[in-house]
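For reference, the structure is listed below as structure tokens.
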Amino acid sequence: MSGDPRPTGPVPIGTATVVGPGALVRALVWITFPLLGAAAAGLVKVAMSWAAWAELPIPGLARLLTRFPEPQATFGVLAIGFVLGLIVAGMAERDYVTISVDHNEVTLRQGQTSHTFARTSIGAVFVDAKEVVLLGRGTEELVRQRGDLPNVGRIEEAFVAHGYPWRTGGDPYGGEYRRWVDDAPELPAAAHAVLRARDRALRARDQADVTELRTELGRLGLVVRDQNKRQYWRRTQRARR
């Protein structure tokens with residue numbers, strides 16, 4: 001099978017390789033977004049002040065900006081922009097994915113959530129679009145982690161260095177997927193019911209439900225992937241036996 005791990009220099013057993021956003025990147029996010037927020041708010045304040053001076057129509061809520069005394073109004077607007085920037089930085093922080101790889105296990109962390117898998121349970125590792133995917137020995141999907149991923153080259157180096165089955169070409173079973181068609185005879189009624197519910201969740205952008213129903217399909221021996229809100233499925237190796 002193409003994409004098998006390439007030999008690399010030895011990595012001491014017990015030493016974990018961690019890939020994720022560096023301290024400098026995170027610091028820049030926490031500094032830059034609040035400053036940009038304050039700057040944007042300041043520009044809005046200037047624009048509203050100019051519009052009031054020129055006697056141009058101003059939306060009702062924005063009109064309040066012109067009624068507070070200075071410099072309190074300017075300081076208040078800048079503070080609001082700064083806080084909004086902090087909120088955006090916090091959202092970016094929660095979206096970061098950090099991957100820790102050692103000879104015994106792999107851990108993926110995003111925000112307060114983490115998933116750990118033993119080395120012996122992993123049959124393939126690859127990146128599919130913006131998701132890192134771990135497959136089990138029976139070709140079942142262990143995890144499909146979406147988020148702000150580290151550089152793909154760094155992810156590959158971490159897994160290859162520890163001898164994991166990294167697949168450079170992507171999903172080794174990509175050719176087995178078939179587009180889901182409701183009530184098609186290839187799938188049992190139970191699978192169709194879950195896929196219908198998941199289709200509704202995809203259209204409603206209910207990511208929590210989409211993920212939960214993916215897990216339910218895994219219990220039925222199916223792996224599902226999404227493309228343009230369409231669902232494609234394949235059976236796991238164990239389900240075909």
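By order in the structure tokens, chains are A, B, ...; within a chain, residues start at 1; ligands start at 1, following the order shown.
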Mind running segment 145-201 of chain A against segment 218-234 of chain A at 12 Å and telling me each contacting residue's nearest atom pair with the distance in Å (one decimal), counting only C-alpha atoms, chain and number ascending, as JSON lines?
{"residue": "A:Asp171", "atom": "CA", "partner": "A:Arg225", "partner_atom": "CA", "distance": 10.8}
{"residue": "A:Tyr173", "atom": "CA", "partner": "A:Arg234", "partner_atom": "CA", "distance": 8.6}
{"residue": "A:Gly174", "atom": "CA", "partner": "A:Arg234", "partner_atom": "CA", "distance": 8.9}
{"residue": "A:Gly175", "atom": "CA", "partner": "A:Arg234", "partner_atom": "CA", "distance": 9.2}
{"residue": "A:Glu176", "atom": "CA", "partner": "A:Arg234", "partner_atom": "CA", "distance": 5.9}
{"residue": "A:Tyr177", "atom": "CA", "partner": "A:Arg234", "partner_atom": "CA", "distance": 4.8}
{"residue": "A:Arg178", "atom": "CA", "partner": "A:Tyr232", "partner_atom": "CA", "distance": 5.2}
{"residue": "A:Arg179", "atom": "CA", "partner": "A:Tyr232", "partner_atom": "CA", "distance": 4.2}
{"residue": "A:Trp180", "atom": "CA", "partner": "A:Tyr232", "partner_atom": "CA", "distance": 5.4}
{"residue": "A:Val181", "atom": "CA", "partner": "A:Gln231", "partner_atom": "CA", "distance": 8.8}
{"residue": "A:Asp182", "atom": "CA", "partner": "A:Gln231", "partner_atom": "CA", "distance": 10.6}
{"residue": "A:Glu186", "atom": "CA", "partner": "A:Arg234", "partner_atom": "CA", "distance": 10.6}
{"residue": "A:Leu187", "atom": "CA", "partner": "A:Leu222", "partner_atom": "CA", "distance": 9.7}
{"residue": "A:Pro188", "atom": "CA", "partner": "A:Leu220", "partner_atom": "CA", "distance": 9.5}
{"residue": "A:Ala189", "atom": "CA", "partner": "A:Leu220", "partner_atom": "CA", "distance": 11.1}
{"residue": "A:Ala190", "atom": "CA", "partner": "A:Leu220", "partner_atom": "CA", "distance": 8.3}
{"residue": "A:Ala191", "atom": "CA", "partner": "A:Leu220", "partner_atom": "CA", "distance": 7.0}
{"residue": "A:His192", "atom": "CA", "partner": "A:Leu220", "partner_atom": "CA", "distance": 10.8}
{"residue": "A:Ala193", "atom": "CA", "partner": "A:Leu220", "partner_atom": "CA", "distance": 11.5}
{"residue": "A:Val194", "atom": "CA", "partner": "A:Leu220", "partner_atom": "CA", "distance": 9.7}
{"residue": "A:Leu195", "atom": "CA", "partner": "A:Gln231", "partner_atom": "CA", "distance": 8.0}
{"residue": "A:Arg196", "atom": "CA", "partner": "A:Gln231", "partner_atom": "CA", "distance": 9.9}
{"residue": "A:Ala197", "atom": "CA", "partner": "A:Gln231", "partner_atom": "CA", "distance": 11.6}
{"residue": "A:Arg198", "atom": "CA", "partner": "A:Gln231", "partner_atom": "CA", "distance": 8.8}
{"residue": "A:Asp199", "atom": "CA", "partner": "A:Gln231", "partner_atom": "CA", "distance": 7.5}
{"residue": "A:Arg200", "atom": "CA", "partner": "A:Lys229", "partner_atom": "CA", "distance": 9.8}
{"residue": "A:Ala201", "atom": "CA", "partner": "A:Lys229", "partner_atom": "CA", "distance": 9.8}
Using only C-alpha atoms, what table do you get, as a tab-separated table, when you list each residue of segment 143-168 of chain A with an atom no more than 10 Å from segment 101-105 of chain A, its nearest pair of atoms, and their distance in Å rounded to one decimal, rows by chain then rising number?
residue	atom	partner	partner_atom	distance
A:Ile155	CA	A:Val101	CA	9.4
A:Ala158	CA	A:Val101	CA	6.5
A:Phe159	CA	A:Val101	CA	6.6
A:Val160	CA	A:Val101	CA	9.9
A:Ala161	CA	A:Asp102	CA	9.0
A:His162	CA	A:His103	CA	5.7
A:Gly163	CA	A:His103	CA	7.7
A:Tyr164	CA	A:His103	CA	8.5
Option closest in space to His115 of chain A, from A:Ile87, A:Leu135, A:Leu142, A:Arg94 [counting only C-alpha atoms]: A:Leu142
For the helix (DSSP H, G or I) assignment from backbone DSSP, which residues of segment 25-204 of chain A qualify? Please present them as number ranges by chain. A: 25-53, 60-66, 72-95, 119-121, 152-161, 174-176, 189-204
Correct to one decimal, the distance atom CA of Arg137 of chain A-atom CA of Thr120 of chain A is 8.3 Å
Tell me, as a JSON list (two decimals) with all heavy atoms, in the first residue's frame, which residues lie within 6 Å of segment 24-37 of chain A, counting only C-alpha atoms; anything in the same chain fewer than 6 positions away does not count.
[["chain", "number", "residue", "atom", "x", "y", "z"],
["A", 81, "GLY", "N", -13.98, 47.47, 21.78],
["A", 81, "GLY", "CA", -13.28, 46.81, 20.67],
["A", 81, "GLY", "C", -12.20, 45.87, 21.17],
["A", 81, "GLY", "O", -12.01, 44.77, 20.62],
["A", 82, "PHE", "N", -11.49, 46.29, 22.22],
["A", 82, "PHE", "CA", -10.44, 45.46, 22.80],
["A", 82, "PHE", "C", -11.02, 44.15, 23.35],
["A", 82, "PHE", "O", -10.48, 43.06, 23.11],
["A", 82, "PHE", "CB", -9.72, 46.23, 23.90],
["A", 82, "PHE", "CG", -8.47, 45.57, 24.40],
["A", 82, "PHE", "CD1", -7.26, 45.80, 23.76],
["A", 82, "PHE", "CD2", -8.49, 44.73, 25.50],
["A", 82, "PHE", "CE1", -6.09, 45.20, 24.22],
["A", 82, "PHE", "CE2", -7.34, 44.13, 25.96],
["A", 82, "PHE", "CZ", -6.13, 44.36, 25.32],
["A", 85, "GLY", "N", -12.01, 41.82, 20.64],
["A", 85, "GLY", "CA", -10.81, 41.17, 20.11],
["A", 85, "GLY", "C", -10.35, 40.03, 20.99],
["A", 85, "GLY", "O", -9.90, 38.98, 20.49],
["A", 86, "LEU", "N", -10.47, 40.19, 22.31],
["A", 86, "LEU", "CA", -10.11, 39.11, 23.22],
["A", 86, "LEU", "C", -11.03, 37.91, 23.03],
["A", 86, "LEU", "O", -10.59, 36.76, 23.09],
["A", 86, "LEU", "CB", -10.21, 39.60, 24.67],
["A", 86, "LEU", "CG", -9.10, 40.53, 25.18],
["A", 86, "LEU", "CD1", -9.42, 41.02, 26.58],
["A", 86, "LEU", "CD2", -7.75, 39.81, 25.17],
["A", 89, "ALA", "N", -9.91, 36.10, 19.97],
["A", 89, "ALA", "CA", -8.68, 35.36, 20.26],
["A", 89, "ALA", "C", -8.98, 34.08, 21.04],
["A", 89, "ALA", "O", -8.36, 33.03, 20.81],
["A", 89, "ALA", "CB", -7.71, 36.25, 21.05]]
Using only C-alpha atoms, which residues sit within 9 Å of Arg238 of chain A once same-chain residues fewer than 5 positions away are excluded, as a VMD selection string? chain A and resid 138 to 140 221
Could those residues be written to a file, using N, CA, C and O atoms, as an mmCIF file, in the first residue's frame?
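Result written to part-v2.cif:
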data_model
loop_
_atom_site.group_PDB
_atom_site.id
_atom_site.type_symbol
_atom_site.label_atom_id
_atom_site.label_comp_id
_atom_site.auth_asym_id
_atom_site.auth_seq_id
_atom_site.Cartn_x
_atom_site.Cartn_y
_atom_site.Cartn_z
ATOM 1 N N GLY A 138 -9.371 -2.544 11.960
ATOM 2 C CA GLY A 138 -10.434 -3.084 11.122
ATOM 3 C C GLY A 138 -10.964 -2.078 10.135
ATOM 4 O O GLY A 138 -12.082 -2.211 9.645
ATOM 5 N N THR A 139 -10.186 -1.052 9.832
ATOM 6 C CA THR A 139 -10.480 0.068 8.923
ATOM 7 C C THR A 139 -11.597 0.967 9.446
ATOM 8 O O THR A 139 -12.057 1.850 8.738
ATOM 9 N N GLU A 140 -12.031 0.756 10.707
ATOM 10 C CA GLU A 140 -13.022 1.653 11.292
ATOM 11 C C GLU A 140 -12.377 3.001 11.601
ATOM 12 O O GLU A 140 -11.161 3.101 11.753
ATOM 13 N N GLY A 221 -21.023 -0.451 11.692
ATOM 14 C CA GLY A 221 -20.016 -0.944 10.755
ATOM 15 C C GLY A 221 -19.827 -0.071 9.534
ATOM 16 O O GLY A 221 -19.338 -0.540 8.505
#
Which residue gives the smallest distance to Leu134 of chain A among A:Lys45, A:Arg167, A:Arg154, A:Arg235, with only C-alpha atoms counted? A:Arg167
Per DSSP on the backbone, what are the strand (DSSP E or B) residues of segment 4-238 of chain A, as a PyMOL selection string? chain A and resi 17-19+96-101+105-110+113-118+122-128+131-136+141-146+148+166+178-179+222-227+230-235
